[in-house]
file entry-v3.cif (mmCIF, C-alpha atoms, pLDDT in the B column; chains and numbers go by the auth columns)
data_input
loop_
_atom_site.group_PDB
_atom_site.id
_atom_site.type_symbol
_atom_site.label_atom_id
_atom_site.label_comp_id
_atom_site.label_asym_id
_atom_site.label_seq_id
_atom_site.Cartn_x
_atom_site.Cartn_y
_atom_site.Cartn_z
_atom_site.B_iso_or_equiv
_atom_site.auth_seq_id
_atom_site.auth_asym_id
ATOM 1 C CA MET A 1 -20.851 -2.138 -1.074 83.00 1 A
ATOM 2 C CA ALA A 2 -24.049 -2.840 -2.986 92.00 2 A
ATOM 3 C CA ASN A 3 -27.337 -2.774 -1.116 94.00 3 A
ATOM 4 C CA GLU A 4 -27.976 -6.375 -2.158 95.00 4 A
ATOM 5 C CA MET A 5 -24.843 -7.497 -0.311 95.00 5 A
ATOM 6 C CA LYS A 6 -25.767 -5.407 2.723 96.00 6 A
ATOM 7 C CA ASN A 7 -29.204 -7.025 2.771 97.00 7 A
ATOM 8 C CA LYS A 8 -27.659 -10.492 2.631 97.00 8 A
ATOM 9 C CA ILE A 9 -25.297 -9.687 5.505 97.00 9 A
ATOM 10 C CA ASP A 10 -28.176 -8.183 7.496 97.00 10 A
ATOM 11 C CA ALA A 11 -30.109 -11.435 7.023 97.00 11 A
ATOM 12 C CA ILE A 12 -27.115 -13.453 8.206 97.00 12 A
ATOM 13 C CA LEU A 13 -26.585 -11.264 11.275 97.00 13 A
ATOM 14 C CA GLY A 14 -30.305 -11.466 12.057 96.00 14 A
ATOM 15 C CA LYS A 15 -29.989 -15.235 12.587 96.00 15 A
ATOM 16 C CA TYR A 16 -27.671 -14.827 15.567 96.00 16 A
ATOM 17 C CA SER A 17 -28.616 -13.299 18.905 95.00 17 A
ATOM 18 C CA ASN A 18 -24.927 -12.627 19.586 96.00 18 A
ATOM 19 C CA PRO A 19 -22.963 -12.385 16.313 95.00 19 A
ATOM 20 C CA GLU A 20 -19.635 -12.067 18.125 95.00 20 A
ATOM 21 C CA GLU A 21 -20.110 -15.425 19.849 96.00 21 A
ATOM 22 C CA SER A 22 -21.093 -16.899 16.474 97.00 22 A
ATOM 23 C CA LEU A 23 -18.449 -15.054 14.456 97.00 23 A
ATOM 24 C CA ILE A 24 -17.089 -18.158 12.709 97.00 24 A
ATOM 25 C CA ALA A 25 -20.576 -19.161 11.549 97.00 25 A
ATOM 26 C CA VAL A 26 -21.312 -15.587 10.449 98.00 26 A
ATOM 27 C CA LEU A 27 -18.085 -15.441 8.438 98.00 27 A
ATOM 28 C CA GLN A 28 -18.772 -18.840 6.856 97.00 28 A
ATOM 29 C CA GLU A 29 -22.130 -17.595 5.627 97.00 29 A
ATOM 30 C CA VAL A 30 -20.687 -14.303 4.384 97.00 30 A
ATOM 31 C CA GLN A 31 -17.950 -16.180 2.527 96.00 31 A
ATOM 32 C CA ALA A 32 -20.563 -18.439 0.904 93.00 32 A
ATOM 33 C CA ILE A 33 -22.054 -15.417 -0.875 93.00 33 A
ATOM 34 C CA ASP A 34 -19.034 -14.497 -3.041 87.00 34 A
ATOM 35 C CA GLY A 35 -16.505 -17.178 -2.205 89.00 35 A
ATOM 36 C CA TYR A 36 -14.419 -14.933 0.024 93.00 36 A
ATOM 37 C CA ILE A 37 -14.661 -12.330 2.776 97.00 37 A
ATOM 38 C CA SER A 38 -14.148 -8.857 1.355 96.00 38 A
ATOM 39 C CA LYS A 39 -12.785 -5.856 3.236 96.00 39 A
ATOM 40 C CA ALA A 40 -16.119 -4.124 2.596 96.00 40 A
ATOM 41 C CA SER A 41 -17.963 -7.032 4.239 97.00 41 A
ATOM 42 C CA VAL A 42 -15.723 -6.835 7.297 98.00 42 A
ATOM 43 C CA GLU A 43 -16.296 -3.076 7.550 97.00 43 A
ATOM 44 C CA TYR A 44 -20.055 -3.546 7.238 97.00 44 A
ATOM 45 C CA ILE A 45 -20.141 -6.259 9.907 98.00 45 A
ATOM 46 C CA THR A 46 -18.168 -3.933 12.194 98.00 46 A
ATOM 47 C CA GLU A 47 -20.592 -1.096 11.498 97.00 47 A
ATOM 48 C CA LYS A 48 -23.662 -3.263 12.202 97.00 48 A
ATOM 49 C CA THR A 49 -22.394 -5.174 15.241 97.00 49 A
ATOM 50 C CA GLY A 50 -19.632 -3.137 16.845 97.00 50 A
ATOM 51 C CA ILE A 51 -17.254 -6.104 16.597 98.00 51 A
ATOM 52 C CA PRO A 52 -13.839 -4.555 15.931 97.00 52 A
ATOM 53 C CA SER A 53 -12.577 -5.199 12.406 97.00 53 A
ATOM 54 C CA SER A 54 -9.289 -6.357 13.947 97.00 54 A
ATOM 55 C CA ARG A 55 -11.175 -9.148 15.754 97.00 55 A
ATOM 56 C CA ILE A 56 -13.014 -10.154 12.586 97.00 56 A
ATOM 57 C CA MET A 57 -9.802 -10.154 10.550 97.00 57 A
ATOM 58 C CA GLY A 58 -8.015 -12.065 13.297 96.00 58 A
ATOM 59 C CA VAL A 59 -10.555 -14.868 13.048 96.00 59 A
ATOM 60 C CA ALA A 60 -10.734 -14.770 9.244 95.00 60 A
ATOM 61 C CA SER A 61 -6.962 -14.870 8.822 92.00 61 A
ATOM 62 C CA PHE A 62 -6.381 -17.532 11.480 92.00 62 A
ATOM 63 C CA TYR A 63 -8.607 -20.249 10.029 87.00 63 A
ATOM 64 C CA ALA A 64 -7.473 -21.817 6.745 78.00 64 A
ATOM 65 C CA GLY A 65 -11.083 -22.243 5.614 83.00 65 A
ATOM 66 C CA PHE A 66 -11.528 -18.506 5.159 91.00 66 A
ATOM 67 C CA ARG A 67 -10.379 -16.627 2.077 91.00 67 A
ATOM 68 C CA LEU A 68 -9.720 -12.915 1.997 93.00 68 A
ATOM 69 C CA LYS A 69 -9.231 -12.722 -1.760 89.00 69 A
ATOM 70 C CA PRO A 70 -11.577 -13.711 -4.571 90.00 70 A
ATOM 71 C CA VAL A 71 -11.224 -17.195 -6.025 90.00 71 A
ATOM 72 C CA GLY A 72 -11.812 -18.401 -9.553 94.00 72 A
ATOM 73 C CA LYS A 73 -14.860 -20.291 -10.728 94.00 73 A
ATOM 74 C CA TYR A 74 -12.568 -23.325 -10.655 95.00 74 A
ATOM 75 C CA ARG A 75 -10.532 -23.385 -7.442 94.00 75 A
ATOM 76 C CA ILE A 76 -7.527 -25.662 -7.797 96.00 76 A
ATOM 77 C CA MET A 77 -5.941 -27.012 -4.620 95.00 77 A
ATOM 78 C CA VAL A 78 -2.586 -28.726 -5.062 97.00 78 A
ATOM 79 C CA CYS A 79 -1.768 -31.128 -2.227 96.00 79 A
ATOM 80 C CA LYS A 80 1.613 -30.663 -0.541 96.00 80 A
ATOM 81 C CA GLY A 81 1.176 -33.438 2.027 95.00 81 A
ATOM 82 C CA THR A 82 3.911 -35.986 2.602 97.00 82 A
ATOM 83 C CA ALA A 83 2.645 -38.626 0.155 97.00 83 A
ATOM 84 C CA CYS A 84 2.124 -36.032 -2.564 96.00 84 A
ATOM 85 C CA HIS A 85 5.424 -34.324 -1.788 96.00 85 A
ATOM 86 C CA VAL A 86 7.466 -37.495 -2.213 97.00 86 A
ATOM 87 C CA ASN A 87 5.555 -38.278 -5.427 97.00 87 A
ATOM 88 C CA GLY A 88 6.241 -34.963 -7.155 95.00 88 A
ATOM 89 C CA ALA A 89 3.752 -32.381 -5.863 94.00 89 A
ATOM 90 C CA GLU A 90 6.244 -29.591 -6.557 95.00 90 A
ATOM 91 C CA ARG A 91 6.140 -30.396 -10.285 97.00 91 A
ATOM 92 C CA ILE A 92 2.338 -30.338 -10.128 97.00 92 A
ATOM 93 C CA GLY A 93 2.248 -26.887 -8.534 97.00 93 A
ATOM 94 C CA ASP A 94 4.848 -25.591 -11.013 97.00 94 A
ATOM 95 C CA THR A 95 2.766 -26.963 -13.898 98.00 95 A
ATOM 96 C CA VAL A 96 -0.453 -25.380 -12.635 98.00 96 A
ATOM 97 C CA ALA A 97 1.329 -22.020 -12.306 98.00 97 A
ATOM 98 C CA ARG A 98 2.798 -22.296 -15.811 98.00 98 A
ATOM 99 C CA VAL A 99 -0.420 -23.451 -17.498 98.00 99 A
ATOM 100 C CA LEU A 100 -2.547 -20.783 -15.816 98.00 100 A
ATOM 101 C CA GLY A 101 0.086 -18.062 -16.020 97.00 101 A
ATOM 102 C CA ILE A 102 -0.536 -16.960 -12.437 97.00 102 A
ATOM 103 C CA GLY A 103 1.099 -17.338 -9.065 96.00 103 A
ATOM 104 C CA GLU A 104 -0.313 -19.219 -6.132 94.00 104 A
ATOM 105 C CA GLY A 105 -3.255 -17.379 -4.594 91.00 105 A
ATOM 106 C CA ASP A 106 -3.965 -15.379 -7.754 94.00 106 A
ATOM 107 C CA VAL A 107 -6.942 -15.513 -10.133 95.00 107 A
ATOM 108 C CA THR A 108 -6.735 -15.694 -13.912 96.00 108 A
ATOM 109 C CA ASP A 109 -7.801 -12.516 -15.733 95.00 109 A
ATOM 110 C CA ASP A 110 -10.974 -14.207 -16.964 94.00 110 A
ATOM 111 C CA GLY A 111 -11.895 -15.203 -13.378 93.00 111 A
ATOM 112 C CA LEU A 112 -12.014 -18.855 -14.395 96.00 112 A
ATOM 113 C CA PHE A 113 -9.171 -20.285 -12.273 97.00 113 A
ATOM 114 C CA SER A 114 -7.370 -19.720 -9.009 96.00 114 A
ATOM 115 C CA TRP A 115 -4.956 -22.080 -7.350 96.00 115 A
ATOM 116 C CA GLU A 116 -3.339 -22.663 -4.008 93.00 116 A
ATOM 117 C CA GLU A 117 -1.229 -25.196 -2.204 94.00 117 A
ATOM 118 C CA VAL A 118 -2.859 -27.013 0.713 92.00 118 A
ATOM 119 C CA ALA A 119 -1.366 -29.083 3.514 91.00 119 A
ATOM 120 C CA CYS A 120 -3.263 -32.282 2.718 93.00 120 A
ATOM 121 C CA LEU A 121 -6.283 -33.338 0.693 95.00 121 A
ATOM 122 C CA GLY A 122 -6.521 -36.797 2.240 94.00 122 A
ATOM 123 C CA CYS A 123 -5.978 -38.399 -1.165 95.00 123 A
ATOM 124 C CA CYS A 124 -2.705 -40.124 -0.284 96.00 124 A
ATOM 125 C CA SER A 125 -3.494 -43.295 -2.233 97.00 125 A
ATOM 126 C CA ILE A 126 -3.620 -41.310 -5.495 98.00 126 A
ATOM 127 C CA ALA A 127 -0.617 -39.037 -4.863 98.00 127 A
ATOM 128 C CA PRO A 128 0.293 -36.628 -6.271 98.00 128 A
ATOM 129 C CA ALA A 129 -3.179 -35.132 -6.195 98.00 129 A
ATOM 130 C CA MET A 130 -5.133 -31.944 -6.649 97.00 130 A
ATOM 131 C CA MET A 131 -8.757 -30.977 -6.291 97.00 131 A
ATOM 132 C CA ILE A 132 -10.697 -28.692 -8.553 97.00 132 A
ATOM 133 C CA ASN A 133 -13.716 -27.505 -6.640 93.00 133 A
ATOM 134 C CA ASP A 134 -15.028 -30.798 -5.198 90.00 134 A
ATOM 135 C CA LYS A 135 -13.420 -33.242 -7.649 96.00 135 A
ATOM 136 C CA ALA A 136 -10.147 -35.011 -6.849 97.00 136 A
ATOM 137 C CA TYR A 137 -7.570 -35.801 -9.523 98.00 137 A
ATOM 138 C CA GLY A 138 -4.717 -38.169 -8.801 98.00 138 A
ATOM 139 C CA LYS A 139 -1.657 -39.957 -10.109 98.00 139 A
ATOM 140 C CA LEU A 140 -0.864 -36.621 -11.719 98.00 140 A
ATOM 141 C CA THR A 141 1.878 -35.804 -14.168 98.00 141 A
ATOM 142 C CA PRO A 142 2.549 -32.399 -15.730 98.00 142 A
ATOM 143 C CA ASP A 143 0.936 -33.607 -18.981 98.00 143 A
ATOM 144 C CA LYS A 144 -2.164 -34.837 -17.129 98.00 144 A
ATOM 145 C CA VAL A 145 -2.484 -31.485 -15.313 98.00 145 A
ATOM 146 C CA GLN A 146 -2.249 -29.627 -18.643 98.00 146 A
ATOM 147 C CA SER A 147 -4.933 -31.885 -20.132 98.00 147 A
ATOM 148 C CA ILE A 148 -7.316 -31.437 -17.171 98.00 148 A
ATOM 149 C CA ILE A 149 -7.039 -27.648 -17.244 98.00 149 A
ATOM 150 C CA ASP A 150 -7.395 -27.548 -21.044 97.00 150 A
ATOM 151 C CA SER A 151 -10.560 -29.689 -20.812 97.00 151 A
ATOM 152 C CA ILE A 152 -12.106 -27.375 -18.232 97.00 152 A
ATOM 153 C CA ARG A 153 -11.244 -24.331 -20.345 96.00 153 A
ATOM 154 C CA GLU A 154 -12.898 -25.935 -23.381 95.00 154 A
ATOM 155 C CA GLU A 155 -16.046 -26.798 -21.419 93.00 155 A
ATOM 156 C CA ALA A 156 -16.208 -23.246 -20.046 90.00 156 A
ATOM 157 C CA GLN A 157 -16.106 -21.836 -23.608 85.00 157 A
ATOM 158 C CA VAL A 158 -19.197 -23.769 -24.679 72.00 158 A
#

call {"tool": "encode", "arguments": {"input": "entry-v3.cif", "output": "structure tokens"}}
result
Amino acid sequence: MANEMKNKIDAILGKYSNPEESLIAVLQEVQAIDGYISKASVEYITEKTGIPSSRIMGVASFYAGFRLKPVGKYRIMVCKGTACHVNGAERIGDTVARVLGIGEGDVTDDGLFSWEEVACLGCCSIAPAMMINDKAYGKLTPDKVQSIIDSIREEAQV
């Protein structure tokens, strides 16, 4: 692990008088650095605090908000909630996988995209829906999904 990352984690740990009691907050801040919680980060937190890595991993793997793998610059979340499901969410997920050429939870080779299915985005009125980073897209069709991803790719090339 690079010294820069160690310094950032040290600064995070320094904010908490008892990092174990504040483990969720610590992990949120660590994840904010690179977008996920790396194995090296877990090992370093264990080394600095004495919190067993099994405890850290237990918390990180339990809560859906934590990621243990890198994500793309554009994180696509395909809603699988009831409204989206009955309106064709499966086709949307299949289209995202086909267009990106990766499976759920993977990252494209260029690091631009990752995608995952989520339980609900709260966008039921525009089902089927997906979010890319903080922007919601709704009333999706496979063609619309293709167009959205192509547009982002073009913008990223500029």

call {"tool": "atom_distance", "arguments": {"input": "entry-v3.cif", "atom1": "atom CA of A:Ala60", "atom2": "atom CA of A:Ile24"}}
result
8.0 Å

call {"tool": "closest_residue", "arguments": {"input": "entry-v3.cif", "among": "A:Ile33, A:Met130, A:Ala11, A:Met57", "to": "A:Val118", "atoms": "only C-alpha atoms"}}
result
A:Met130

call {"tool": "closest_residue", "arguments": {"input": "entry-v3.cif", "among": "A:Thr82, A:Thr49, A:Ser41, A:Ser151", "to": "A:Ser17", "atoms": "only C-alpha atoms"}}
result
A:Thr49

call {"tool": "resolve_selection", "arguments": {"input": "entry-v3.cif", "expression": "the PyMOL selection byres ((chain A and resi 153) around 12)", "output": "list in words"}}
result
Lys73, Tyr74, Val99, Leu100, Thr108, Asp110, Gly111, Leu112, Phe113, Gln146, Ser147, Ile148, Ile149, Asp150, Ser151, Ile152, Glu154, Glu155, Ala156, Gln157 and Val158 of chain A

call {"tool": "write_last_selection", "arguments": {"input": "entry-v3.cif", "atoms": "C-alpha atoms", "output": "compact mmCIF listing (two decimals), keeping the file's coordinate frame"}}
result
# COMPACT_ATOMS: atom_id res chain seq x y z
CA LYS A 73 -14.86 -20.29 -10.73
CA TYR A 74 -12.57 -23.32 -10.66
CA VAL A 99 -0.42 -23.45 -17.50
CA LEU A 100 -2.55 -20.78 -15.82
CA THR A 108 -6.74 -15.69 -13.91
CA ASP A 110 -10.97 -14.21 -16.96
CA GLY A 111 -11.90 -15.20 -13.38
CA LEU A 112 -12.01 -18.86 -14.40
CA PHE A 113 -9.17 -20.28 -12.27
CA GLN A 146 -2.25 -29.63 -18.64
CA SER A 147 -4.93 -31.88 -20.13
CA ILE A 148 -7.32 -31.44 -17.17
CA ILE A 149 -7.04 -27.65 -17.24
CA ASP A 150 -7.40 -27.55 -21.04
CA SER A 151 -10.56 -29.69 -20.81
CA ILE A 152 -12.11 -27.38 -18.23
CA GLU A 154 -12.90 -25.94 -23.38
CA GLU A 155 -16.05 -26.80 -21.42
CA ALA A 156 -16.21 -23.25 -20.05
CA GLN A 157 -16.11 -21.84 -23.61
CA VAL A 158 -19.20 -23.77 -24.68

call {"tool": "residues_around", "arguments": {"input": "entry-v3.cif", "residues": "A:Trp115", "least_positions_apart": "4", "cutoff": "10 Å", "atoms": "all atoms listed in the file", "output": "VMD selection string"}}
result
chain A and resid 71 to 72 74 to 78 93 96 to 97 100 102 to 108 130 to 132

call {"tool": "residues_around", "arguments": {"input": "entry-v3.cif", "residues": "A:Asp34", "least_positions_apart": "3", "cutoff": "9 Å", "atoms": "only C-alpha atoms", "output": "count of residues only"}}
result
6

call {"tool": "closest_residue", "arguments": {"input": "entry-v3.cif", "among": "A:Asp10, A:Glu20, A:Glu116, A:Glu90", "to": "A:Thr141", "atoms": "only C-alpha atoms"}}
result
A:Glu90

call {"tool": "resolve_selection", "arguments": {"input": "entry-v3.cif", "expression": "the PyMOL selection byres ((chain A and resi 55) around 12)", "output": "ChimeraX atom specification"}}
result
/A:20-21,23-24,27,42-43,45-46,49-54,56-62

call {"tool": "resolve_selection", "arguments": {"input": "entry-v3.cif", "expression": "the PyMOL selection byres ((chain A and resi 140) around 8)", "output": "list in words"}}
result
Ile92, Ala127, Pro128, Ala129, Tyr137, Gly138, Lys139, Thr141, Pro142, Lys144 and Val145 of chain A

call {"tool": "residues_around", "arguments": {"input": "entry-v3.cif", "residues": "A:Gly122", "least_positions_apart": "2", "cutoff": "10 Å", "atoms": "only C-alpha atoms", "output": "list in words"}}
result
Cys79, Gly81, Ala83, Cys84, Ala119, Cys120, Cys124, Ser125, Ile126, Ala127, Ala129 and Ala136 of chain A

call {"tool": "atom_distance", "arguments": {"input": "entry-v3.cif", "atom1": "atom CA of A:Ser114", "atom2": "atom CA of A:Lys6"}}
result
26.1 Å

call {"tool": "atom_distance", "arguments": {"input": "entry-v3.cif", "atom1": "atom CA of A:Ile12", "atom2": "atom CA of A:Tyr63"}}
result
19.8 Å

call {"tool": "closest_residue", "arguments": {"input": "entry-v3.cif", "among": "A:Lys39, A:His85, A:Arg91, A:Lys48", "to": "A:Asn18", "atoms": "all atoms listed in the file"}}
result
A:Lys48

call {"tool": "closest_residue", "arguments": {"input": "entry-v3.cif", "among": "A:Glu117, A:Asp109, A:Val26, A:Tyr16", "to": "A:Ala64", "atoms": "all atoms listed in the file"}}
result
A:Glu117

call {"tool": "axis_aligned_box", "arguments": {"input": "entry-v3.cif", "around": "stretch 132-141 of chain A", "padding_each_side": "6 Å", "output": "AutoDock Vina command-line options"}}
result
--center_x -6.6 --center_y -33.7 --center_z -9.7 --size_x 28.9 --size_y 24.5 --size_z 21.0

call {"tool": "decode", "arguments": {"input": "entry-v3.cif", "residues": "stretch 91-141 of chain A", "atoms": "C-alpha atoms", "output": "mmCIF file, in the first residue's frame"}}
result
data_model
loop_
_atom_site.group_PDB
_atom_site.id
_atom_site.type_symbol
_atom_site.label_atom_id
_atom_site.label_comp_id
_atom_site.auth_asym_id
_atom_site.auth_seq_id
_atom_site.Cartn_x
_atom_site.Cartn_y
_atom_site.Cartn_z
ATOM 1 C CA ARG A 91 -33.941 -6.958 -20.284
ATOM 2 C CA ILE A 92 -32.240 -3.804 -19.001
ATOM 3 C CA GLY A 93 -29.640 -5.758 -17.030
ATOM 4 C CA ASP A 94 -29.055 -8.106 -19.985
ATOM 5 C CA THR A 95 -28.575 -5.091 -22.271
ATOM 6 C CA VAL A 96 -26.105 -3.408 -19.922
ATOM 7 C CA ALA A 97 -24.094 -6.647 -19.716
ATOM 8 C CA ARG A 98 -24.096 -7.054 -23.504
ATOM 9 C CA VAL A 99 -23.229 -3.425 -24.292
ATOM 10 C CA LEU A 100 -20.418 -3.287 -21.733
ATOM 11 C CA GLY A 101 -19.200 -6.822 -22.364
ATOM 12 C CA ILE A 102 -18.885 -7.555 -18.649
ATOM 13 C CA GLY A 103 -20.792 -9.420 -15.990
ATOM 14 C CA GLU A 104 -22.523 -7.876 -13.031
ATOM 15 C CA GLY A 105 -20.025 -6.609 -10.471
ATOM 16 C CA ASP A 106 -17.190 -6.373 -13.000
ATOM 17 C CA VAL A 107 -15.378 -3.317 -14.385
ATOM 18 C CA THR A 108 -14.667 -2.652 -18.047
ATOM 19 C CA ASP A 109 -11.000 -2.965 -19.055
ATOM 20 C CA ASP A 110 -10.730 0.801 -19.491
ATOM 21 C CA GLY A 111 -12.086 1.360 -15.949
ATOM 22 C CA LEU A 112 -14.912 3.475 -17.336
ATOM 23 C CA PHE A 113 -17.942 1.360 -16.351
ATOM 24 C CA SER A 114 -19.086 -1.092 -13.724
ATOM 25 C CA TRP A 115 -22.608 -2.291 -13.167
ATOM 26 C CA GLU A 116 -24.675 -4.032 -10.556
ATOM 27 C CA GLU A 117 -28.247 -4.918 -9.794
ATOM 28 C CA VAL A 118 -29.823 -3.218 -6.777
ATOM 29 C CA ALA A 119 -32.975 -4.010 -4.830
ATOM 30 C CA CYS A 120 -34.678 -0.661 -5.423
ATOM 31 C CA LEU A 121 -33.728 2.818 -6.577
ATOM 32 C CA GLY A 122 -36.986 4.428 -5.477
ATOM 33 C CA CYS A 123 -37.741 5.441 -9.063
ATOM 34 C CA CYS A 124 -40.901 3.356 -9.417
ATOM 35 C CA SER A 125 -42.780 5.983 -11.428
ATOM 36 C CA ILE A 126 -40.191 5.753 -14.229
ATOM 37 C CA ALA A 127 -39.735 1.962 -14.235
ATOM 38 C CA PRO A 128 -37.713 0.278 -15.535
ATOM 39 C CA ALA A 129 -34.903 2.455 -14.244
ATOM 40 C CA MET A 130 -31.180 2.615 -13.693
ATOM 41 C CA MET A 131 -28.828 5.126 -12.158
ATOM 42 C CA ILE A 132 -25.429 6.081 -13.436
ATOM 43 C CA ASN A 133 -23.553 7.664 -10.579
ATOM 44 C CA ASP A 134 -26.163 10.120 -9.240
ATOM 45 C CA LYS A 135 -28.356 10.461 -12.344
ATOM 46 C CA ALA A 136 -31.534 8.414 -12.781
ATOM 47 C CA TYR A 137 -32.681 7.159 -16.177
ATOM 48 C CA GLY A 138 -36.167 5.779 -16.637
ATOM 49 C CA LYS A 139 -38.732 4.341 -19.008
ATOM 50 C CA LEU A 140 -35.810 2.336 -20.348
ATOM 51 C CA THR A 141 -35.707 0.100 -23.377
#
